[in-house]
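Undergrad: Mind looking over this structure? Questions follow.
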Amino acid sequence: MTYRLLFVVLALAAAQTGCRRKAQPEPTPRQEMEGFTLRQTQAGALAWELEARIAVLREDVGDALLSEPIMRFYRKGAVASRVSARSGRVRVDTHDVFLSSSVVLDAIEEHAVLDTDFLTYSSKRNLFTTDSLVQVSRPGGRLQGRGLEAKPDLSEIRIFNQQAVVEGDGK
């Protein structure tokens, strides 16, 4: 009888150990902000600004997820270009910006529009890059390819793996 009682006690202890819940990991620190704005200046003048409807700051990875981000680049106090996307991410330490889904860059002074699915902005280099398919439209034609390096105002553009040049219809 003693062995039988010992077996029951051990079986109950094992069952309770198996039923214990594992400790839940602590939630990662994050902040959600509505109406997010980030500005960068050079020599006291506004160089660019980034706005998003909602930004979720993820402290553990050092970035913020952006909903409907819009960036404006300035030259001599006026907007030189504007880029928008459905979503994005900004690095807290470098201010590098990653834009995705229906990315459109409108270069006002250059009368050019860039369309792509993914675009990265390097704040240090003041340069947009992508490995995705791109299309640049200007009066008189469109240029398509895969991969790009460009200044934010599209005054300098390098399209890699150029696929086609489509001339405009003269309208």
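Naming scheme: A, B, ... for chains in displayed order of the structure tokens; residues 1 onward per chain; ligands 1 onward as shown.
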Give me, as a PyMOL selection string, all polymer residues having an atom no more than 7 Å from stretch 142-152 of chain A, counting only C-alpha atoms and skipping those fewer than 6 positions away in the same chain.

TA: chain A and resi 73+81+126-136+158-167

Undergrad: List the neighbours of A:Pro69 out to 10 Å using only C-alpha atoms; skip same-chain residues closer than 6 positions along the sequence, and give me the result as number ranges by chain.

TA: A: 36-37, 50-55, 83-90, 97-100, 103

Undergrad: So that I have them on file, write out the residues from the current selection with all heavy atoms, as a short mmCIF file (atom, residue, chain, number, x, y, z; two decimals), in the first residue's frame.

TA:
```cif
data_model
loop_
_atom_site.label_atom_id
_atom_site.label_comp_id
_atom_site.auth_asym_id
_atom_site.auth_seq_id
_atom_site.Cartn_x
_atom_site.Cartn_y
_atom_site.Cartn_z
N PHE A 36 2.73 61.79 -36.05
CA PHE A 36 4.18 61.78 -35.87
C PHE A 36 4.86 62.69 -36.89
O PHE A 36 4.52 62.68 -38.08
CB PHE A 36 4.67 60.34 -36.05
CG PHE A 36 6.16 60.18 -36.08
CD1 PHE A 36 6.89 60.14 -34.90
CD2 PHE A 36 6.84 60.05 -37.28
CE1 PHE A 36 8.26 59.97 -34.93
CE2 PHE A 36 8.20 59.87 -37.32
CZ PHE A 36 8.92 59.84 -36.14
N THR A 37 5.85 63.48 -36.46
CA THR A 37 6.65 64.32 -37.35
C THR A 37 8.10 64.28 -36.90
O THR A 37 8.40 64.38 -35.72
CB THR A 37 6.17 65.80 -37.32
OG1 THR A 37 4.79 65.85 -37.71
CG2 THR A 37 6.98 66.65 -38.28
N LEU A 50 9.50 64.27 -42.15
CA LEU A 50 8.81 63.00 -42.30
C LEU A 50 7.57 63.06 -41.41
O LEU A 50 7.68 63.38 -40.23
CB LEU A 50 9.72 61.85 -41.86
CG LEU A 50 9.10 60.47 -41.71
CD1 LEU A 50 8.59 59.94 -43.04
CD2 LEU A 50 10.12 59.51 -41.10
N GLU A 51 6.42 62.77 -42.00
CA GLU A 51 5.18 62.73 -41.24
C GLU A 51 4.53 61.37 -41.44
O GLU A 51 4.68 60.76 -42.50
CB GLU A 51 4.21 63.82 -41.72
CG GLU A 51 4.69 65.22 -41.47
CD GLU A 51 3.73 66.28 -42.00
OE1 GLU A 51 2.81 65.94 -42.77
OE2 GLU A 51 3.91 67.45 -41.64
N ALA A 52 3.82 60.91 -40.41
CA ALA A 52 3.07 59.67 -40.50
C ALA A 52 1.80 59.81 -39.67
O ALA A 52 1.80 60.48 -38.65
CB ALA A 52 3.90 58.49 -40.00
N ARG A 53 0.76 59.17 -40.16
CA ARG A 53 -0.52 59.21 -39.44
C ARG A 53 -0.34 58.57 -38.07
O ARG A 53 -0.75 59.11 -37.06
CB ARG A 53 -1.59 58.49 -40.26
CG ARG A 53 -2.99 58.68 -39.74
CD ARG A 53 -4.03 58.10 -40.69
NE ARG A 53 -3.86 56.69 -40.97
CZ ARG A 53 -4.27 55.71 -40.16
NH1 ARG A 53 -4.85 55.98 -39.02
NH2 ARG A 53 -4.08 54.45 -40.49
N ILE A 54 0.33 57.40 -38.06
CA ILE A 54 0.62 56.70 -36.80
C ILE A 54 2.05 56.18 -36.87
O ILE A 54 2.49 55.70 -37.90
CB ILE A 54 -0.35 55.52 -36.58
CG1 ILE A 54 -1.79 56.03 -36.42
CG2 ILE A 54 0.07 54.69 -35.36
CD1 ILE A 54 -2.83 54.94 -36.36
N ALA A 55 2.76 56.28 -35.76
CA ALA A 55 4.10 55.71 -35.64
C ALA A 55 4.15 54.86 -34.37
O ALA A 55 3.69 55.29 -33.31
CB ALA A 55 5.16 56.81 -35.56
N VAL A 83 7.58 62.46 -51.24
CA VAL A 83 7.46 61.01 -51.43
C VAL A 83 6.46 60.46 -50.42
O VAL A 83 6.44 60.87 -49.26
CB VAL A 83 8.84 60.29 -51.32
CG1 VAL A 83 9.46 60.47 -49.96
CG2 VAL A 83 8.73 58.83 -51.69
N SER A 84 5.60 59.56 -50.91
CA SER A 84 4.59 58.96 -50.03
C SER A 84 4.56 57.45 -50.25
O SER A 84 4.99 56.95 -51.29
CB SER A 84 3.21 59.56 -50.31
OG SER A 84 2.82 59.28 -51.64
N ALA A 85 4.04 56.74 -49.25
CA ALA A 85 3.93 55.28 -49.31
C ALA A 85 2.81 54.85 -48.37
O ALA A 85 2.32 55.65 -47.56
CB ALA A 85 5.24 54.63 -48.90
N ARG A 86 2.43 53.61 -48.48
CA ARG A 86 1.41 53.08 -47.56
C ARG A 86 1.99 52.78 -46.19
O ARG A 86 1.32 52.91 -45.18
CB ARG A 86 0.79 51.81 -48.13
CG ARG A 86 -0.10 52.08 -49.30
CD ARG A 86 -0.84 50.83 -49.69
NE ARG A 86 -1.59 51.07 -50.91
CZ ARG A 86 -2.00 50.13 -51.70
NH1 ARG A 86 -1.73 48.87 -51.43
NH2 ARG A 86 -2.68 50.42 -52.78
N SER A 87 3.26 52.34 -46.16
CA SER A 87 3.87 52.02 -44.88
C SER A 87 5.36 52.31 -44.94
O SER A 87 5.91 52.56 -46.01
CB SER A 87 3.64 50.55 -44.50
OG SER A 87 4.23 49.71 -45.47
N GLY A 88 5.99 52.29 -43.78
CA GLY A 88 7.41 52.56 -43.73
C GLY A 88 7.98 52.30 -42.36
O GLY A 88 7.30 51.85 -41.44
N ARG A 89 9.26 52.64 -42.25
CA ARG A 89 9.99 52.44 -41.00
C ARG A 89 11.12 53.46 -40.98
O ARG A 89 11.72 53.76 -42.01
CB ARG A 89 10.54 51.01 -41.00
CG ARG A 89 11.29 50.61 -39.79
CD ARG A 89 11.58 49.11 -39.81
NE ARG A 89 12.26 48.63 -40.99
CZ ARG A 89 13.57 48.51 -41.13
NH1 ARG A 89 14.37 48.86 -40.13
NH2 ARG A 89 14.10 48.05 -42.22
N VAL A 90 11.40 54.01 -39.81
CA VAL A 90 12.52 54.95 -39.66
C VAL A 90 13.41 54.46 -38.52
O VAL A 90 12.92 54.05 -37.47
CB VAL A 90 12.04 56.41 -39.42
CG1 VAL A 90 11.22 56.52 -38.14
CG2 VAL A 90 13.21 57.38 -39.39
N VAL A 97 15.25 56.01 -43.64
CA VAL A 97 13.84 55.74 -43.82
C VAL A 97 13.66 54.65 -44.86
O VAL A 97 14.30 54.69 -45.91
CB VAL A 97 13.08 57.02 -44.24
CG1 VAL A 97 11.60 56.75 -44.43
CG2 VAL A 97 13.30 58.14 -43.22
N PHE A 98 12.78 53.69 -44.57
CA PHE A 98 12.46 52.59 -45.47
C PHE A 98 10.98 52.70 -45.81
O PHE A 98 10.15 52.60 -44.92
CB PHE A 98 12.77 51.25 -44.81
CG PHE A 98 14.16 51.17 -44.25
CD1 PHE A 98 14.43 51.60 -42.95
CD2 PHE A 98 15.21 50.72 -45.03
CE1 PHE A 98 15.72 51.55 -42.44
CE2 PHE A 98 16.50 50.66 -44.52
CZ PHE A 98 16.76 51.09 -43.23
N LEU A 99 10.67 52.92 -47.08
CA LEU A 99 9.29 53.09 -47.52
C LEU A 99 8.87 51.89 -48.35
O LEU A 99 9.65 51.40 -49.18
CB LEU A 99 9.15 54.36 -48.35
CG LEU A 99 9.57 55.65 -47.63
CD1 LEU A 99 9.69 56.80 -48.61
CD2 LEU A 99 8.59 55.98 -46.53
N SER A 100 7.61 51.44 -48.18
CA SER A 100 7.15 50.29 -48.95
C SER A 100 5.68 50.41 -49.30
O SER A 100 4.93 51.13 -48.64
CB SER A 100 7.40 48.99 -48.16
OG SER A 100 6.70 49.02 -46.95
N VAL A 103 5.01 53.25 -53.46
CA VAL A 103 5.88 54.39 -53.20
C VAL A 103 5.88 55.31 -54.43
O VAL A 103 6.13 54.85 -55.54
CB VAL A 103 7.32 53.95 -52.87
CG1 VAL A 103 8.19 55.16 -52.57
CG2 VAL A 103 7.33 52.97 -51.71
#
```

Undergrad: Got a sec: who's within 10 Å of A:Glu110, counting only C-alpha atoms, leaving out chain neighbours fewer than 2 positions off, as a list in words?

TA: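 Once the nearby chain positions are removed, what remains is Ala80, Ser81, Asp106, Ala107, Ile108, Ala112, Val113, Arg138, Pro139, Asp153, Leu154, Ser155 and Glu156 of chain A.
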
Undergrad: Please write the residues from the selection above to a file, keeping all heavy atoms, as a compact mmCIF listing (two decimals), in the first residue's frame.

TA:
```txt
# COMPACT_ATOMS: atom_id res chain seq x y z
N ALA A 80 10.90 70.81 -52.64
CA ALA A 80 11.50 70.42 -53.92
C ALA A 80 10.95 69.07 -54.39
O ALA A 80 10.85 68.83 -55.59
CB ALA A 80 13.02 70.34 -53.80
N SER A 81 10.62 68.19 -53.43
CA SER A 81 10.04 66.89 -53.78
C SER A 81 9.25 66.35 -52.60
O SER A 81 9.42 66.78 -51.46
CB SER A 81 11.13 65.90 -54.20
OG SER A 81 12.00 65.64 -53.12
N ASP A 106 7.42 62.49 -56.09
CA ASP A 106 7.10 63.56 -57.04
C ASP A 106 8.15 64.66 -56.89
O ASP A 106 8.18 65.35 -55.88
CB ASP A 106 5.70 64.10 -56.74
CG ASP A 106 5.25 65.16 -57.72
OD1 ASP A 106 5.89 65.33 -58.79
OD2 ASP A 106 4.24 65.83 -57.43
N ALA A 107 9.01 64.79 -57.91
CA ALA A 107 10.06 65.81 -57.91
C ALA A 107 9.50 67.04 -58.64
O ALA A 107 9.44 67.07 -59.87
CB ALA A 107 11.31 65.30 -58.59
N ILE A 108 9.12 68.03 -57.88
CA ILE A 108 8.41 69.19 -58.40
C ILE A 108 9.26 69.98 -59.38
O ILE A 108 8.81 70.28 -60.50
CB ILE A 108 7.92 70.08 -57.23
CG1 ILE A 108 6.95 69.27 -56.37
CG2 ILE A 108 7.29 71.36 -57.74
CD1 ILE A 108 6.72 69.81 -54.99
N ALA A 112 9.31 65.29 -62.58
CA ALA A 112 9.50 63.86 -62.70
C ALA A 112 8.77 63.14 -61.57
O ALA A 112 8.63 63.68 -60.47
CB ALA A 112 10.99 63.51 -62.66
N VAL A 113 8.32 61.93 -61.88
CA VAL A 113 7.65 61.09 -60.89
C VAL A 113 8.28 59.71 -60.91
O VAL A 113 8.44 59.11 -61.98
CB VAL A 113 6.14 60.99 -61.17
CG1 VAL A 113 5.46 60.04 -60.19
CG2 VAL A 113 5.48 62.35 -61.14
N ARG A 138 8.85 61.46 -67.00
CA ARG A 138 9.15 62.88 -67.21
C ARG A 138 8.40 63.32 -68.45
O ARG A 138 8.02 62.48 -69.26
CB ARG A 138 10.65 63.09 -67.43
CG ARG A 138 11.52 62.82 -66.24
CD ARG A 138 12.98 63.08 -66.58
NE ARG A 138 13.84 62.79 -65.46
CZ ARG A 138 14.50 63.70 -64.77
NH1 ARG A 138 14.43 64.97 -65.09
NH2 ARG A 138 15.25 63.35 -63.76
N PRO A 139 8.25 64.61 -68.64
CA PRO A 139 7.64 65.05 -69.90
C PRO A 139 8.46 64.50 -71.07
O PRO A 139 9.67 64.62 -71.10
CB PRO A 139 7.73 66.57 -69.83
CG PRO A 139 7.80 66.88 -68.37
CD PRO A 139 8.55 65.73 -67.75
N ASP A 153 15.49 65.02 -54.96
CA ASP A 153 14.77 65.87 -55.92
C ASP A 153 14.84 65.31 -57.34
O ASP A 153 14.37 65.95 -58.28
CB ASP A 153 15.31 67.30 -55.87
CG ASP A 153 16.77 67.39 -56.25
OD1 ASP A 153 17.41 66.35 -56.56
OD2 ASP A 153 17.31 68.51 -56.23
N LEU A 154 15.41 64.12 -57.52
CA LEU A 154 15.59 63.44 -58.80
C LEU A 154 16.43 64.25 -59.78
O LEU A 154 16.35 64.04 -60.99
CB LEU A 154 14.24 63.05 -59.43
CG LEU A 154 13.39 62.07 -58.63
CD1 LEU A 154 12.12 61.71 -59.40
CD2 LEU A 154 14.17 60.80 -58.28
N SER A 155 17.25 65.16 -59.28
CA SER A 155 18.16 65.90 -60.16
C SER A 155 19.28 64.99 -60.65
O SER A 155 19.86 65.25 -61.71
CB SER A 155 18.73 67.12 -59.43
OG SER A 155 19.46 66.71 -58.28
N GLU A 156 19.59 63.95 -59.90
CA GLU A 156 20.57 62.95 -60.31
C GLU A 156 19.94 61.58 -60.11
O GLU A 156 19.49 61.25 -59.01
CB GLU A 156 21.84 63.05 -59.47
CG GLU A 156 22.59 64.34 -59.63
CD GLU A 156 23.80 64.42 -58.71
OE1 GLU A 156 24.38 63.35 -58.39
OE2 GLU A 156 24.16 65.53 -58.32
```
